[in-house]
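For reference, the structure discussed in these notes is given below.
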Amino acid sequence: MEDINKLIHDVRNPLNSIAVNAELGKLTLQKTEDINRAIEIFDVILNACRSCSSQLTQLRDAVAQDGPAKPSEGNDG
């Protein structure tokens, strides 16, 4: 369970970065219309998306290595 919590935490980090930088990009364009700064911010967002995708791939691979989920003891369905 600790491994799953770590993976969830690791995926949330880039998601938080995406949210913060999306807001920053929006404000940058609204307030300053600085296209170059906005492009830099969007690059951060894209990198965070790639990181999140990588983490999800690792999670998928870890689950695949463990095999199918086993039913709980004492639970007939």
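Identifiers in this document derive from the order of the structure tokens: chains are assigned A, B, ..., residues are numbered from 1 separately in each chain, and ligands are numbered from 1 in order of occurrence.
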
_Need to verify the contact set: range 15-25 of chain A, 9 Å, only C-alpha atoms, exclusion of same-chain residues closer than 3 positions in sequence. Can you return it as a list in words?_
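Listing them by chain and then by number gives Val11, Arg12, Thr28, Leu29, Gln30, Arg37, Ala38, Ile39, Glu40, Ile41, Phe42, Val44, Ile45, Leu46, Asn47, Ala48, Cys49 and Cys52 of chain A.
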
_Residues of chain A in helix (DSSP H, G or I), written as a PyMOL selection string_ = chain A and resi 2-31+35-66

*asked:* One number please: CA of Val63 in chain A to CA of Ile8 in chain A, in Å, one decimal.
replied: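 A separation of 13.3 Å between them.
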
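The smallest atom-to-atom distance between Asn13 in chain A and any of A:Lys26, A:Asn36, A:Asp43, A:Ser51, using only C-alpha atoms, is found for A:Ser51.
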
*Enter the distance from CA of Asn5 in chain A to CA of Asp61 in chain A, in Å, rounded to one decimal.*
15.8 Å
